[in-house]
$ cat work-v5.cif   # mmCIF, C-alpha atoms
data_target
#
loop_
_atom_site.label_atom_id
_atom_site.label_comp_id
_atom_site.auth_asym_id
_atom_site.auth_seq_id
_atom_site.Cartn_x
_atom_site.Cartn_y
_atom_site.Cartn_z
CA MET A 1 21.01 -8.57 25.61
CA THR A 2 18.85 -9.67 22.72
CA ALA A 3 18.00 -6.84 20.35
CA LEU A 4 14.80 -8.40 19.02
CA ALA A 5 12.83 -11.36 20.38
CA ILE A 6 9.60 -12.93 19.16
CA LEU A 7 7.46 -14.84 21.64
CA ASP A 8 7.02 -18.36 20.30
CA LEU A 9 3.93 -19.81 21.91
CA GLY A 10 4.14 -22.97 19.86
CA TYR A 11 1.55 -22.14 17.25
CA GLY A 12 0.95 -20.00 14.22
CA ASN A 13 3.00 -17.88 11.92
CA VAL A 14 5.93 -16.98 14.16
CA ASP A 15 8.46 -17.87 11.50
CA SER A 16 6.93 -15.59 8.86
CA ILE A 17 7.31 -12.66 11.28
CA ARG A 18 10.93 -13.65 11.90
CA LEU A 19 11.53 -13.76 8.13
CA ALA A 20 9.92 -10.34 7.64
CA PHE A 21 12.43 -8.83 10.07
CA ALA A 22 15.22 -10.81 8.42
CA ARG A 23 14.30 -9.15 5.09
CA LEU A 24 14.98 -5.85 6.91
CA GLY A 25 18.38 -7.16 7.98
CA VAL A 26 17.48 -7.88 11.62
CA GLU A 27 17.77 -11.40 13.04
CA ALA A 28 15.23 -12.09 15.76
CA VAL A 29 15.42 -14.71 18.50
CA LEU A 30 12.37 -16.96 18.93
CA THR A 31 11.76 -17.70 22.59
CA ALA A 32 9.17 -18.80 25.13
CA GLU A 33 11.47 -18.09 28.09
CA PRO A 34 10.20 -15.18 30.22
CA ALA A 35 13.75 -14.15 31.17
CA VAL A 36 14.97 -14.08 27.56
CA ALA A 37 11.89 -12.17 26.44
CA GLU A 38 12.17 -9.71 29.30
CA ALA A 39 15.81 -8.96 28.53
CA SER A 40 15.10 -8.14 24.87
CA GLU A 41 15.29 -4.55 23.69
CA ARG A 42 12.29 -5.13 21.45
CA LEU A 43 9.71 -7.87 21.83
CA VAL A 44 7.00 -9.13 19.47
CA LEU A 45 3.81 -10.84 20.64
CA PRO A 46 2.32 -12.68 17.66
CA GLY A 47 -1.02 -14.40 17.71
CA VAL A 48 -3.37 -16.48 15.70
CA GLY A 49 -6.29 -18.55 16.87
CA ALA A 50 -8.72 -17.97 19.68
CA ALA A 51 -8.20 -15.37 22.42
CA GLY A 52 -8.86 -17.82 25.27
CA PHE A 53 -6.41 -20.36 23.92
CA ALA A 54 -3.69 -17.75 23.41
CA MET A 55 -4.18 -16.23 26.89
CA ALA A 56 -3.99 -19.71 28.43
CA ARG A 57 -0.64 -20.19 26.68
CA LEU A 58 0.67 -16.91 28.14
CA HIS A 59 -0.44 -17.96 31.65
CA ASP A 60 0.96 -21.52 31.27
CA ARG A 61 4.35 -20.18 30.28
CA GLY A 62 4.49 -17.56 33.02
CA LEU A 63 4.60 -14.67 30.57
CA VAL A 64 1.71 -12.52 31.81
CA ALA A 65 3.50 -10.72 34.66
CA MET A 66 6.51 -10.04 32.44
CA LEU A 67 4.32 -8.51 29.72
CA LYS A 68 2.44 -6.38 32.27
CA ARG A 69 5.57 -4.86 33.79
CA ARG A 70 7.44 -4.40 30.53
CA THR A 71 8.52 -0.83 29.73
CA ALA A 72 10.64 -1.53 26.62
CA PRO A 73 8.99 -1.63 23.16
CA LEU A 74 6.44 -4.42 22.70
CA LEU A 75 4.66 -5.08 19.40
CA GLY A 76 1.46 -7.15 19.28
CA ILE A 77 0.39 -8.45 15.88
CA CYS A 78 -3.24 -9.34 15.09
CA LEU A 79 -4.48 -11.37 18.08
CA GLY A 80 -1.27 -10.21 19.82
CA MET A 81 -2.54 -6.62 19.63
CA GLN A 82 -6.03 -7.65 20.73
CA MET A 83 -4.56 -9.35 23.83
CA MET A 84 -3.23 -5.96 24.99
CA PHE A 85 -6.82 -4.78 25.56
CA GLU A 86 -9.01 -5.51 28.61
CA SER A 87 -11.40 -8.22 27.49
CA SER A 88 -12.67 -10.01 24.41
CA ASP A 89 -16.17 -10.99 23.36
CA GLU A 90 -14.52 -14.12 21.98
CA GLY A 91 -15.38 -16.56 24.76
CA ASN A 92 -15.72 -13.58 27.17
CA THR A 93 -11.96 -13.75 27.79
CA ALA A 94 -10.01 -11.53 30.20
CA LEU A 95 -6.99 -10.11 28.36
CA LEU A 96 -3.77 -8.41 29.51
CA GLY A 97 -5.49 -5.08 30.22
CA LEU A 98 -2.59 -2.90 29.03
CA VAL A 99 -4.80 -0.75 26.80
CA HIS A 100 -8.27 0.52 27.71
CA GLY A 101 -11.07 -1.02 25.66
CA ARG A 102 -12.74 -4.24 24.54
CA VAL A 103 -12.36 -6.56 21.60
CA GLY A 104 -15.65 -7.19 19.81
CA ALA A 105 -16.91 -9.43 17.03
CA LEU A 106 -17.28 -8.01 13.53
CA ASP A 107 -20.85 -8.34 12.27
CA PRO A 108 -21.34 -9.67 8.76
CA ALA A 109 -23.68 -7.80 6.43
CA PRO A 110 -24.54 -8.20 2.73
CA GLY A 111 -21.40 -7.30 0.81
CA ARG A 112 -19.37 -7.28 4.01
CA PRO A 113 -18.42 -10.86 4.86
CA VAL A 114 -16.66 -11.90 8.05
CA PRO A 115 -13.76 -12.64 8.51
CA HIS A 116 -12.55 -9.30 7.21
CA MET A 117 -10.06 -10.72 4.75
CA GLY A 118 -7.92 -8.87 2.26
CA TRP A 119 -6.12 -5.61 1.51
CA THR A 120 -7.91 -2.64 3.02
CA ARG A 121 -6.97 1.00 2.65
CA ILE A 122 -5.66 2.97 5.63
CA ASP A 123 -7.87 6.06 5.88
CA GLU A 124 -5.75 8.01 8.34
CA ALA A 125 -2.41 7.42 10.02
CA ARG A 126 0.15 9.26 12.08
CA GLY A 127 3.69 8.01 12.59
CA VAL A 128 4.37 4.24 12.60
CA GLY A 129 5.56 4.31 8.96
CA LEU A 130 2.03 4.25 7.50
CA ALA A 131 0.18 6.87 5.48
CA ALA A 132 -3.40 7.38 4.34
CA GLY A 133 -3.87 5.46 1.10
CA ASP A 134 -1.59 2.56 2.03
CA TYR A 135 -3.13 -0.89 1.60
CA VAL A 136 -2.41 -3.48 4.29
CA TYR A 137 -3.52 -7.09 4.67
CA PHE A 138 -6.15 -8.02 7.26
CA ALA A 139 -7.49 -11.45 8.30
CA HIS A 140 -9.65 -11.19 11.43
CA SER A 141 -13.14 -11.74 12.83
CA PHE A 142 -12.73 -9.58 15.96
CA ALA A 143 -11.55 -5.98 16.27
CA CYS A 144 -10.45 -3.69 19.10
CA ASP A 145 -12.38 -0.63 20.23
CA ASP A 146 -11.35 2.50 18.36
CA GLY A 147 -9.89 4.88 20.94
CA PRO A 148 -7.09 7.29 21.79
CA ALA A 149 -4.45 4.59 21.17
CA THR A 150 -5.41 4.32 17.48
CA VAL A 151 -2.66 5.69 15.21
CA ALA A 152 -3.83 4.13 11.93
CA ARG A 153 -7.48 3.63 11.11
CA ALA A 154 -9.29 1.60 8.47
CA CYS A 155 -13.00 1.01 8.02
CA TYR A 156 -14.95 -2.23 7.80
CA GLY A 157 -18.54 -1.45 8.67
CA ARG A 158 -17.13 0.50 11.58
CA PRO A 159 -13.79 2.18 12.30
CA ILE A 160 -11.08 -0.46 12.77
CA PRO A 161 -7.87 0.40 14.61
CA ALA A 162 -5.29 -0.89 12.12
CA ALA A 163 -2.41 0.15 14.37
CA ILE A 164 -2.13 1.43 17.94
CA ARG A 165 0.49 3.14 20.07
CA HIS A 166 0.25 3.43 23.84
CA GLY A 167 3.41 4.18 25.82
CA ASN A 168 5.87 1.40 25.01
CA LEU A 169 3.16 -0.59 23.25
CA TRP A 170 2.75 -0.98 19.49
CA GLY A 171 -0.01 -2.99 17.88
CA ALA A 172 -1.01 -4.02 14.37
CA GLN A 173 -4.38 -5.55 13.62
CA PHE A 174 -3.16 -6.11 10.07
CA HIS A 175 -0.31 -8.45 9.18
CA PRO A 176 2.82 -6.35 8.55
CA GLU A 177 4.73 -9.50 7.55
CA ARG A 178 2.27 -9.94 4.65
CA SER A 179 1.60 -6.29 3.79
CA SER A 180 4.37 -5.74 1.24
CA ALA A 181 6.16 -2.36 1.34
CA ALA A 182 3.71 -0.73 3.78
CA GLY A 183 4.16 -3.59 6.24
CA ALA A 184 7.93 -3.34 5.96
CA ARG A 185 7.78 0.40 6.72
CA PHE A 186 5.71 -0.32 9.84
CA LEU A 187 8.19 -2.95 11.09
CA GLN A 188 11.06 -0.57 10.32
CA ALA A 189 9.36 2.12 12.39
CA PHE A 190 9.03 -0.31 15.30
CA LEU A 191 12.74 -1.14 15.01
CA GLY A 192 13.45 2.57 15.35
CA ALA A 193 11.31 2.94 18.48
CA MET B 1 -13.82 -2.23 2.13
CA PRO B 2 -10.97 -4.44 0.96
CA ALA B 3 -9.64 -4.00 -2.55
CA ALA B 4 -10.85 -6.47 -5.16
CA ARG B 5 -8.41 -9.33 -4.59
CA ILE B 6 -6.52 -10.83 -7.52
CA ILE B 7 -5.27 -14.28 -6.66
CA ALA B 8 -2.77 -16.24 -8.72
CA CYS B 9 -3.06 -19.98 -8.33
CA LEU B 10 -0.09 -22.25 -8.75
CA ASP B 11 -0.59 -25.99 -9.01
CA VAL B 12 2.30 -27.84 -7.45
CA VAL B 13 3.61 -31.37 -8.03
CA GLY B 14 6.82 -32.40 -6.32
CA GLY B 15 7.73 -28.80 -5.45
CA ARG B 16 7.45 -27.70 -9.12
CA VAL B 17 4.71 -25.55 -10.63
CA VAL B 18 2.56 -27.34 -13.22
CA LYS B 19 -0.45 -26.41 -15.34
CA GLY B 20 -3.16 -28.64 -16.77
CA VAL B 21 -6.44 -28.13 -18.55
CA GLN B 22 -9.61 -29.26 -16.75
CA PHE B 23 -7.39 -30.87 -14.12
CA LYS B 24 -5.67 -33.12 -16.72
CA ASP B 25 -2.44 -33.24 -18.77
CA HIS B 26 -0.11 -31.37 -16.41
CA ARG B 27 3.14 -29.89 -17.69
CA ASP B 28 6.06 -28.51 -15.65
CA ILE B 29 6.29 -24.72 -15.94
CA GLY B 30 9.07 -23.97 -13.47
CA ASP B 31 10.37 -23.44 -9.96
CA ILE B 32 7.95 -22.47 -7.24
CA VAL B 33 10.02 -19.60 -5.81
CA ASP B 34 10.55 -18.02 -9.25
CA HIS B 35 6.80 -18.05 -9.85
CA ALA B 36 5.96 -16.72 -6.39
CA LEU B 37 8.33 -13.78 -6.86
CA ARG B 38 7.10 -13.05 -10.36
CA TYR B 39 3.49 -12.77 -9.20
CA ARG B 40 4.41 -10.75 -6.12
CA ASP B 41 6.31 -8.30 -8.35
CA GLU B 42 3.42 -8.06 -10.83
CA GLY B 43 1.06 -7.05 -8.02
CA ALA B 44 -0.89 -10.21 -7.20
CA ASP B 45 -2.74 -9.68 -3.92
CA GLU B 46 -2.48 -13.27 -2.80
CA LEU B 47 -1.11 -16.60 -3.94
CA VAL B 48 -2.54 -20.09 -3.62
CA PHE B 49 -0.43 -23.21 -3.92
CA TYR B 50 -2.28 -26.45 -4.54
CA ASP B 51 -0.39 -29.71 -4.22
CA ILE B 52 -2.92 -31.17 -6.61
CA THR B 53 -2.08 -34.85 -6.34
CA ALA B 54 -1.60 -35.04 -2.56
CA SER B 55 -5.11 -36.14 -1.61
CA ALA B 56 -5.47 -38.54 -4.51
CA ASP B 57 -2.07 -40.04 -3.58
CA ARG B 58 -3.12 -40.25 0.10
CA ARG B 59 -0.31 -37.98 1.39
CA SER B 60 -0.01 -34.43 2.72
CA LEU B 61 1.99 -31.64 1.14
CA ASP B 62 5.68 -31.09 1.89
CA PRO B 63 6.29 -28.10 4.24
CA ALA B 64 9.79 -27.67 2.76
CA TRP B 65 8.50 -25.74 -0.26
CA VAL B 66 6.12 -23.77 1.95
CA ARG B 67 9.16 -22.55 3.89
CA ARG B 68 10.99 -21.65 0.65
CA VAL B 69 8.05 -19.52 -0.45
CA SER B 70 7.57 -17.87 2.95
CA ALA B 71 11.21 -16.77 3.06
CA VAL B 72 10.85 -14.59 -0.04
CA ILE B 73 7.19 -13.53 -0.10
CA ASP B 74 5.65 -10.49 1.66
CA ILE B 75 2.07 -11.03 0.54
CA PRO B 76 -0.35 -13.64 1.92
CA PHE B 77 -0.48 -17.15 0.56
CA SER B 78 -2.46 -20.26 1.27
CA VAL B 79 -1.59 -23.88 0.70
CA ALA B 80 -3.70 -26.92 -0.06
CA GLY B 81 -3.19 -30.58 -0.63
CA GLY B 82 -4.02 -33.50 1.62
CA ILE B 83 -4.25 -31.44 4.82
CA GLY B 84 -6.30 -33.86 6.89
CA ASP B 85 -5.38 -33.21 10.51
CA ILE B 86 -4.31 -30.52 12.97
CA GLU B 87 -0.65 -31.60 12.97
CA THR B 88 -0.27 -31.26 9.20
CA ALA B 89 -2.03 -27.88 9.23
CA ALA B 90 0.22 -26.72 12.08
CA ARG B 91 3.30 -27.71 10.05
CA CYS B 92 2.07 -25.71 7.05
CA LEU B 93 1.20 -22.63 9.13
CA GLY B 94 4.44 -22.98 11.09
CA ALA B 95 6.34 -23.08 7.77
CA GLY B 96 4.80 -19.71 6.92
CA ALA B 97 1.51 -20.33 5.11
CA ASP B 98 -1.12 -17.78 6.13
CA LYS B 99 -4.06 -20.08 5.46
CA VAL B 100 -4.63 -23.77 4.88
CA SER B 101 -7.20 -24.82 2.34
CA VAL B 102 -8.99 -28.13 2.77
CA ASN B 103 -11.05 -29.94 0.19
CA SER B 104 -11.12 -33.74 -0.15
CA PRO B 105 -10.15 -34.50 3.51
CA ALA B 106 -12.99 -32.26 4.73
CA LEU B 107 -15.46 -34.16 2.54
CA VAL B 108 -14.29 -37.41 4.13
CA ARG B 109 -14.50 -35.93 7.64
CA PRO B 110 -16.33 -32.57 7.92
CA GLY B 111 -15.36 -32.25 11.60
CA LEU B 112 -11.87 -31.42 10.38
CA ILE B 113 -13.06 -27.90 9.52
CA ALA B 114 -14.21 -27.25 13.10
CA GLU B 115 -11.00 -28.69 14.55
CA LEU B 116 -8.87 -26.40 12.38
CA ALA B 117 -10.99 -23.32 13.18
CA ASP B 118 -10.79 -24.04 16.91
CA ALA B 119 -7.03 -24.47 16.79
CA PHE B 120 -6.00 -21.66 14.46
CA GLY B 121 -8.98 -19.34 14.06
CA ARG B 122 -11.38 -19.39 11.14
CA GLN B 123 -9.37 -16.76 9.27
CA CYS B 124 -6.75 -19.49 8.68
CA VAL B 125 -9.22 -22.04 7.29
CA VAL B 126 -10.26 -22.04 3.63
CA LEU B 127 -12.72 -24.55 2.21
CA GLY B 128 -12.04 -25.41 -1.41
CA ILE B 129 -15.02 -26.80 -3.30
CA ASP B 130 -14.69 -28.49 -6.69
CA SER B 131 -18.14 -28.06 -8.14
CA LEU B 132 -19.48 -29.63 -11.33
CA ARG B 133 -22.56 -28.37 -13.12
CA ALA B 134 -24.45 -31.35 -14.54
CA SER B 135 -26.39 -31.15 -17.81
CA ASP B 136 -29.61 -30.79 -15.77
CA GLY B 137 -28.08 -27.77 -13.97
CA ARG B 138 -27.57 -29.57 -10.68
CA LEU B 139 -24.39 -28.54 -8.82
CA THR B 140 -22.48 -31.34 -7.13
CA VAL B 141 -19.19 -31.59 -5.30
CA LYS B 142 -16.33 -33.74 -6.63
CA GLN B 143 -13.35 -35.02 -4.68
CA TYR B 144 -9.84 -36.22 -5.56
CA THR B 145 -9.90 -34.01 -8.65
CA GLY B 146 -6.07 -33.89 -8.75
CA ARG B 147 -6.02 -37.19 -10.65
CA PRO B 148 -8.71 -37.82 -13.27
CA GLU B 149 -8.77 -41.57 -12.56
CA ALA B 150 -9.27 -40.94 -8.82
CA THR B 151 -12.00 -38.28 -9.12
CA GLN B 152 -15.27 -39.22 -7.41
CA ASP B 153 -18.70 -37.74 -7.08
CA THR B 154 -19.51 -37.13 -3.42
CA GLY B 155 -23.27 -36.93 -3.78
CA ARG B 156 -23.17 -33.57 -2.00
CA GLU B 157 -24.90 -30.52 -3.37
CA THR B 158 -22.50 -27.56 -3.77
CA ILE B 159 -24.40 -24.78 -1.99
CA ALA B 160 -25.46 -27.03 0.90
CA TRP B 161 -21.86 -28.15 1.41
CA ALA B 162 -20.62 -24.55 1.40
CA VAL B 163 -23.20 -23.56 4.00
CA GLU B 164 -22.23 -26.51 6.19
CA GLY B 165 -18.53 -25.69 5.77
CA ALA B 166 -19.03 -22.07 6.82
CA ARG B 167 -21.13 -23.17 9.79
CA LEU B 168 -18.36 -25.56 10.87
CA GLY B 169 -15.80 -22.74 10.79
CA ALA B 170 -14.42 -22.19 7.30
CA GLY B 171 -13.41 -18.52 7.06
CA GLU B 172 -13.34 -18.39 3.27
CA ILE B 173 -14.67 -20.48 0.41
CA VAL B 174 -12.96 -21.01 -2.93
CA LEU B 175 -15.51 -22.10 -5.51
CA ASN B 176 -13.75 -24.04 -8.27
CA CYS B 177 -16.16 -24.59 -11.13
CA ILE B 178 -14.32 -27.53 -12.62
CA ASP B 179 -16.17 -27.64 -15.91
CA ARG B 180 -14.89 -24.06 -16.46
CA ASP B 181 -11.27 -24.77 -15.45
CA GLY B 182 -8.69 -23.65 -18.00
CA VAL B 183 -11.19 -23.08 -20.82
CA ARG B 184 -11.36 -19.25 -20.42
CA GLN B 185 -15.10 -18.86 -21.03
CA GLY B 186 -15.74 -16.86 -17.86
CA TYR B 187 -16.63 -17.68 -14.27
CA ASP B 188 -19.95 -19.45 -13.56
CA LEU B 189 -21.69 -16.29 -12.38
CA ASP B 190 -25.06 -17.84 -11.51
CA GLN B 191 -23.36 -20.34 -9.27
CA LEU B 192 -21.16 -17.65 -7.76
CA ARG B 193 -24.16 -15.41 -6.94
CA ALA B 194 -26.02 -18.30 -5.37
CA LEU B 195 -23.07 -19.11 -3.15
CA VAL B 196 -22.34 -15.50 -2.14
CA SER B 197 -25.94 -15.05 -1.01
CA ALA B 198 -25.91 -18.35 0.92
CA VAL B 199 -22.87 -17.72 3.15
CA ASP B 200 -21.52 -14.71 5.08
CA VAL B 201 -17.82 -15.52 4.65
CA PRO B 202 -15.69 -14.27 1.72
CA VAL B 203 -16.11 -16.24 -1.52
CA ILE B 204 -13.34 -16.58 -4.10
CA ALA B 205 -14.28 -17.26 -7.72
CA SER B 206 -12.17 -19.88 -9.47
CA GLY B 207 -12.27 -21.52 -12.88
CA GLY B 208 -12.92 -19.91 -16.22
CA ALA B 209 -11.16 -16.52 -16.31
CA GLY B 210 -10.22 -15.63 -19.88
CA THR B 211 -10.68 -11.89 -20.32
CA LEU B 212 -10.38 -8.73 -18.24
CA ALA B 213 -14.18 -8.45 -18.23
CA HIS B 214 -14.53 -11.90 -16.65
CA PHE B 215 -12.79 -10.64 -13.51
CA ALA B 216 -15.02 -7.57 -13.29
CA GLU B 217 -18.07 -9.84 -13.65
CA ALA B 218 -16.93 -12.00 -10.73
CA PHE B 219 -16.60 -8.98 -8.44
CA ALA B 220 -19.97 -7.66 -9.62
CA ALA B 221 -21.43 -11.06 -8.66
CA GLY B 222 -20.16 -10.57 -5.11
CA ALA B 223 -16.82 -12.39 -5.11
CA SER B 224 -14.25 -11.06 -2.63
CA GLY B 225 -11.47 -12.38 -4.81
CA ALA B 226 -10.95 -13.79 -8.27
CA LEU B 227 -8.51 -16.60 -8.77
CA ALA B 228 -6.88 -17.58 -12.04
CA ALA B 229 -3.99 -19.67 -13.25
CA SER B 230 -3.67 -20.21 -17.00
CA VAL B 231 -4.29 -16.62 -18.13
CA PHE B 232 -1.54 -15.44 -15.78
CA HIS B 233 0.87 -18.31 -16.51
CA ASP B 234 0.48 -17.91 -20.27
CA ARG B 235 0.78 -14.11 -19.93
CA ARG B 236 -2.51 -13.57 -21.75
CA ILE B 237 -3.40 -11.16 -18.96
CA ALA B 238 -0.85 -9.06 -17.09
CA ILE B 239 -1.92 -8.27 -13.53
CA PRO B 240 -1.04 -4.52 -13.75
CA ASP B 241 -3.24 -4.22 -16.88
CA LEU B 242 -6.01 -6.14 -15.14
CA LYS B 243 -5.92 -3.79 -12.14
CA ASP B 244 -5.96 -0.72 -14.41
CA TYR B 245 -9.02 -2.14 -16.13
CA LEU B 246 -10.81 -2.95 -12.86
CA ALA B 247 -10.10 0.57 -11.58
CA GLU B 248 -11.61 2.00 -14.79
CA GLN B 249 -14.70 -0.11 -14.04
CA GLY B 250 -14.96 1.63 -10.67
CA LEU B 251 -13.58 -1.20 -8.54
CA GLU B 252 -11.14 -0.51 -5.72
CA VAL B 253 -7.78 -2.17 -6.39
CA ARG B 254 -4.41 -2.19 -4.64
CA ARG B 255 -1.65 -0.85 -6.91
#
$ encode --input "work-v5.cif" --output "structure tokens"
Amino acid sequence: MTALAILDLGYGNVDSIRLAFARLGVEAVLTAEPAVAEASERLVLPGVGAAGFAMARLHDRGLVAMLKRRTAPLLGICLGMQMMFESSDEGNTALLGLVHGRVGALDPAPGRPVPHMGWTRIDEARGVGLAAGDYVYFAHSFACDDGPATVARACYGRPIPAAIRHGNLWGAQFHPERSSAAGARFLQAFLGA
Amino acid sequence: MPAARIIACLDVVGGRVVKGVQFKDHRDIGDIVDHALRYRDEGADELVFYDITASADRRSLDPAWVRRVSAVIDIPFSVAGGIGDIETAARCLGAGADKVSVNSPALVRPGLIAELADAFGRQCVVLGIDSLRASDGRLTVKQYTGRPEATQDTGRETIAWAVEGARLGAGEIVLNCIDRDGVRQGYDLDQLRALVSAVDVPVIASGGAGTLAHFAEAFAAGASGALAASVFHDRRIAIPDLKDYLAEQGLEVRR
């Protein structure tokens, strides 16, 4: 059985996530095979790009049913976390529906450009290796609804769930692989799940 | 709100870091990984690697050094240099770059910006603009600035090009004021303010940083980040001292 697998959907920054775990001493397997992913003790769902495009990749590769029935730890990063929710305003896309809530566009305002890009302070956190006052790196134009799954919260015009926990599910809207020591603590916490 | 972002820029030729003045007379200042680690350890919030001769030489950058940087770095970095199509951008992002920055190829074919945003999301797409202030105050965009003999005027007006780039899908704009590059007289604040008010994406100030106060001025003018090269390379300004100063000025910084 694979201890740690990262879903490789053929795009984006999969390798930088692999390297972040490698810096913690854990070698991950990159895979697009549903059976290999399903058999992993811990699975990571990365994501960059548009929600519709990423969901189409999951459907094309027969990964949706596997993700829906998974009970072992699953970590979604950035768009990967957003895909755990029910639907996205981005192209009015149906998502995996594992977590209650929608994904909505961030609205730009004077002094608050979109995408939300940069190191933003975590205002409150419980568990998941993060603490209030940590800075983590964000790069996103859409954000999930703030709800009971939120375990780390930041603010960008409105409350932004920086990290979520729901059953076996973990999510990070920020990029732990690019968030220095705080990001490493979050990944370490997931490895201990 | 995000912390005021301090961005160290490294110009790359052949996988080595170089530094020139006003985009000329480049000298080798060392290995790319050594520099990346140094800036990460000093507290830089982000790194930018420009393969400065790629576009002028009609080639794209080499993903091999991108991979070397990604293996050791746990802060975001973007890469630039001759990225003119989806495949090249995918190779850079796949090698670990968090963002790709386009400049000359987007001037040749603006549709490139939309293609990249559609494929990777606009948060991965940075538009670099090399802007020159003429003696009459007019701001125009230059291309192929990596080699002085190849540099051309594009006839485009800086603010109009930035607005078009953001509309096409650029998620961030780096404003390089090339007449300020390496001369440490401060960022072009009027130009920066004009650009910040014209677009609703983050704007990064580039070109002219010489003192701690110059950085504070850029953030006061609305920049999301301030980029510098020579003052960091030459150790005239240490990033921890800069962040202490910015915090004293009431700016939020990551330390």
$ resolve_selection --input "work-v5.cif" --expression "the PyMOL selection byres ((chain B) within 10 of (chain A))" --output "tab-separated table (two decimals) with C-alpha atoms, in the coordinates of the input"
chain	number	residue	atom	x	y	z
B	1	MET	CA	-13.82	-2.23	2.13
B	2	PRO	CA	-10.97	-4.44	0.96
B	3	ALA	CA	-9.64	-4.00	-2.55
B	4	ALA	CA	-10.85	-6.47	-5.16
B	5	ARG	CA	-8.41	-9.33	-4.59
B	40	ARG	CA	4.41	-10.75	-6.12
B	43	GLY	CA	1.06	-7.05	-8.02
B	45	ASP	CA	-2.74	-9.68	-3.92
B	46	GLU	CA	-2.48	-13.27	-2.80
B	67	ARG	CA	9.16	-22.55	3.89
B	70	SER	CA	7.57	-17.87	2.95
B	71	ALA	CA	11.21	-16.77	3.06
B	72	VAL	CA	10.85	-14.59	-0.04
B	73	ILE	CA	7.19	-13.53	-0.10
B	74	ASP	CA	5.65	-10.49	1.66
B	75	ILE	CA	2.07	-11.03	0.54
B	76	PRO	CA	-0.35	-13.64	1.92
B	77	PHE	CA	-0.48	-17.15	0.56
B	89	ALA	CA	-2.03	-27.88	9.23
B	90	ALA	CA	0.22	-26.72	12.08
B	91	ARG	CA	3.30	-27.71	10.05
B	92	CYS	CA	2.07	-25.71	7.05
B	93	LEU	CA	1.20	-22.63	9.13
B	94	GLY	CA	4.44	-22.98	11.09
B	95	ALA	CA	6.34	-23.08	7.77
B	96	GLY	CA	4.80	-19.71	6.92
B	97	ALA	CA	1.51	-20.33	5.11
B	98	ASP	CA	-1.12	-17.78	6.13
B	99	LYS	CA	-4.06	-20.08	5.46
B	116	LEU	CA	-8.87	-26.40	12.38
B	117	ALA	CA	-10.99	-23.32	13.18
B	118	ASP	CA	-10.79	-24.04	16.91
B	119	ALA	CA	-7.03	-24.47	16.79
B	120	PHE	CA	-6.00	-21.66	14.46
B	121	GLY	CA	-8.98	-19.34	14.06
B	122	ARG	CA	-11.38	-19.39	11.14
B	123	GLN	CA	-9.37	-16.76	9.27
B	124	CYS	CA	-6.75	-19.49	8.68
B	170	ALA	CA	-14.42	-22.19	7.30
B	171	GLY	CA	-13.41	-18.52	7.06
B	172	GLU	CA	-13.34	-18.39	3.27
B	196	VAL	CA	-22.34	-15.50	-2.14
B	197	SER	CA	-25.94	-15.05	-1.01
B	199	VAL	CA	-22.87	-17.72	3.15
B	200	ASP	CA	-21.52	-14.71	5.08
B	201	VAL	CA	-17.82	-15.52	4.65
B	202	PRO	CA	-15.69	-14.27	1.72
B	203	VAL	CA	-16.11	-16.24	-1.52
B	222	GLY	CA	-20.16	-10.57	-5.11
B	223	ALA	CA	-16.82	-12.39	-5.11
B	224	SER	CA	-14.25	-11.06	-2.63
B	225	GLY	CA	-11.47	-12.38	-4.81
B	252	GLU	CA	-11.14	-0.51	-5.72
B	253	VAL	CA	-7.78	-2.17	-6.39
B	254	ARG	CA	-4.41	-2.19	-4.64
B	255	ARG	CA	-1.65	-0.85	-6.91
$ resolve_selection --input "work-v5.cif" --expression "the PyMOL selection byres ((chain A and resi 52) around 9)" --output "PyMOL selection string"
chain A and resi 49-51+53-57+88+90-95
$ resolve_selection --input "work-v5.cif" --expression "the PyMOL selection byres ((chain A and resi 31-44) around 7)" --output "NGL selection string"
:A and (1-9 or 29-30 or 45-46 or 62-63 or 66 or 72-76)
$ closest_residue --input "work-v5.cif" --among "B:Lys243, B:His214, B:Lys142, B:Arg27" --to "B:Leu189" --atoms "only C-alpha atoms"
B:His214
$ atom_distance --input "work-v5.cif" --atom1 "atom CA of A:Arg70" --atom2 "atom CA of A:Ala172"
18.2 Å
$ closest_residue --input "work-v5.cif" --among "B:Trp161, B:Tyr144, B:Phe232, B:Phe219" --to "B:Ala56" --atoms "only C-alpha atoms"
B:Tyr144
$ residues_near_point --input "work-v5.cif" --point "(1.9, -20.1, -17.4)" --cutoff "10 Å" --atoms "only C-alpha atoms" --output "compact mmCIF listing (two decimals) with C-alpha atoms, in the coordinates of the input"
# COMPACT_ATOMS: atom_id res chain seq x y z
CA LEU B 10 -0.09 -22.25 -8.75
CA VAL B 17 4.71 -25.55 -10.63
CA VAL B 18 2.56 -27.34 -13.22
CA LYS B 19 -0.45 -26.41 -15.34
CA GLY B 20 -3.16 -28.64 -16.77
CA ARG B 27 3.14 -29.89 -17.69
CA ASP B 28 6.06 -28.51 -15.65
CA ILE B 29 6.29 -24.72 -15.94
CA GLY B 30 9.07 -23.97 -13.47
CA HIS B 35 6.80 -18.05 -9.85
CA ALA B 229 -3.99 -19.67 -13.25
CA SER B 230 -3.67 -20.21 -17.00
CA VAL B 231 -4.29 -16.62 -18.13
CA PHE B 232 -1.54 -15.44 -15.78
CA HIS B 233 0.87 -18.31 -16.51
CA ASP B 234 0.48 -17.91 -20.27
CA ARG B 235 0.78 -14.11 -19.93
CA ARG B 236 -2.51 -13.57 -21.75
$ atom_distance --input "work-v5.cif" --atom1 "atom CA of B:Val12" --atom2 "atom CA of B:Gly81"
9.2 Å
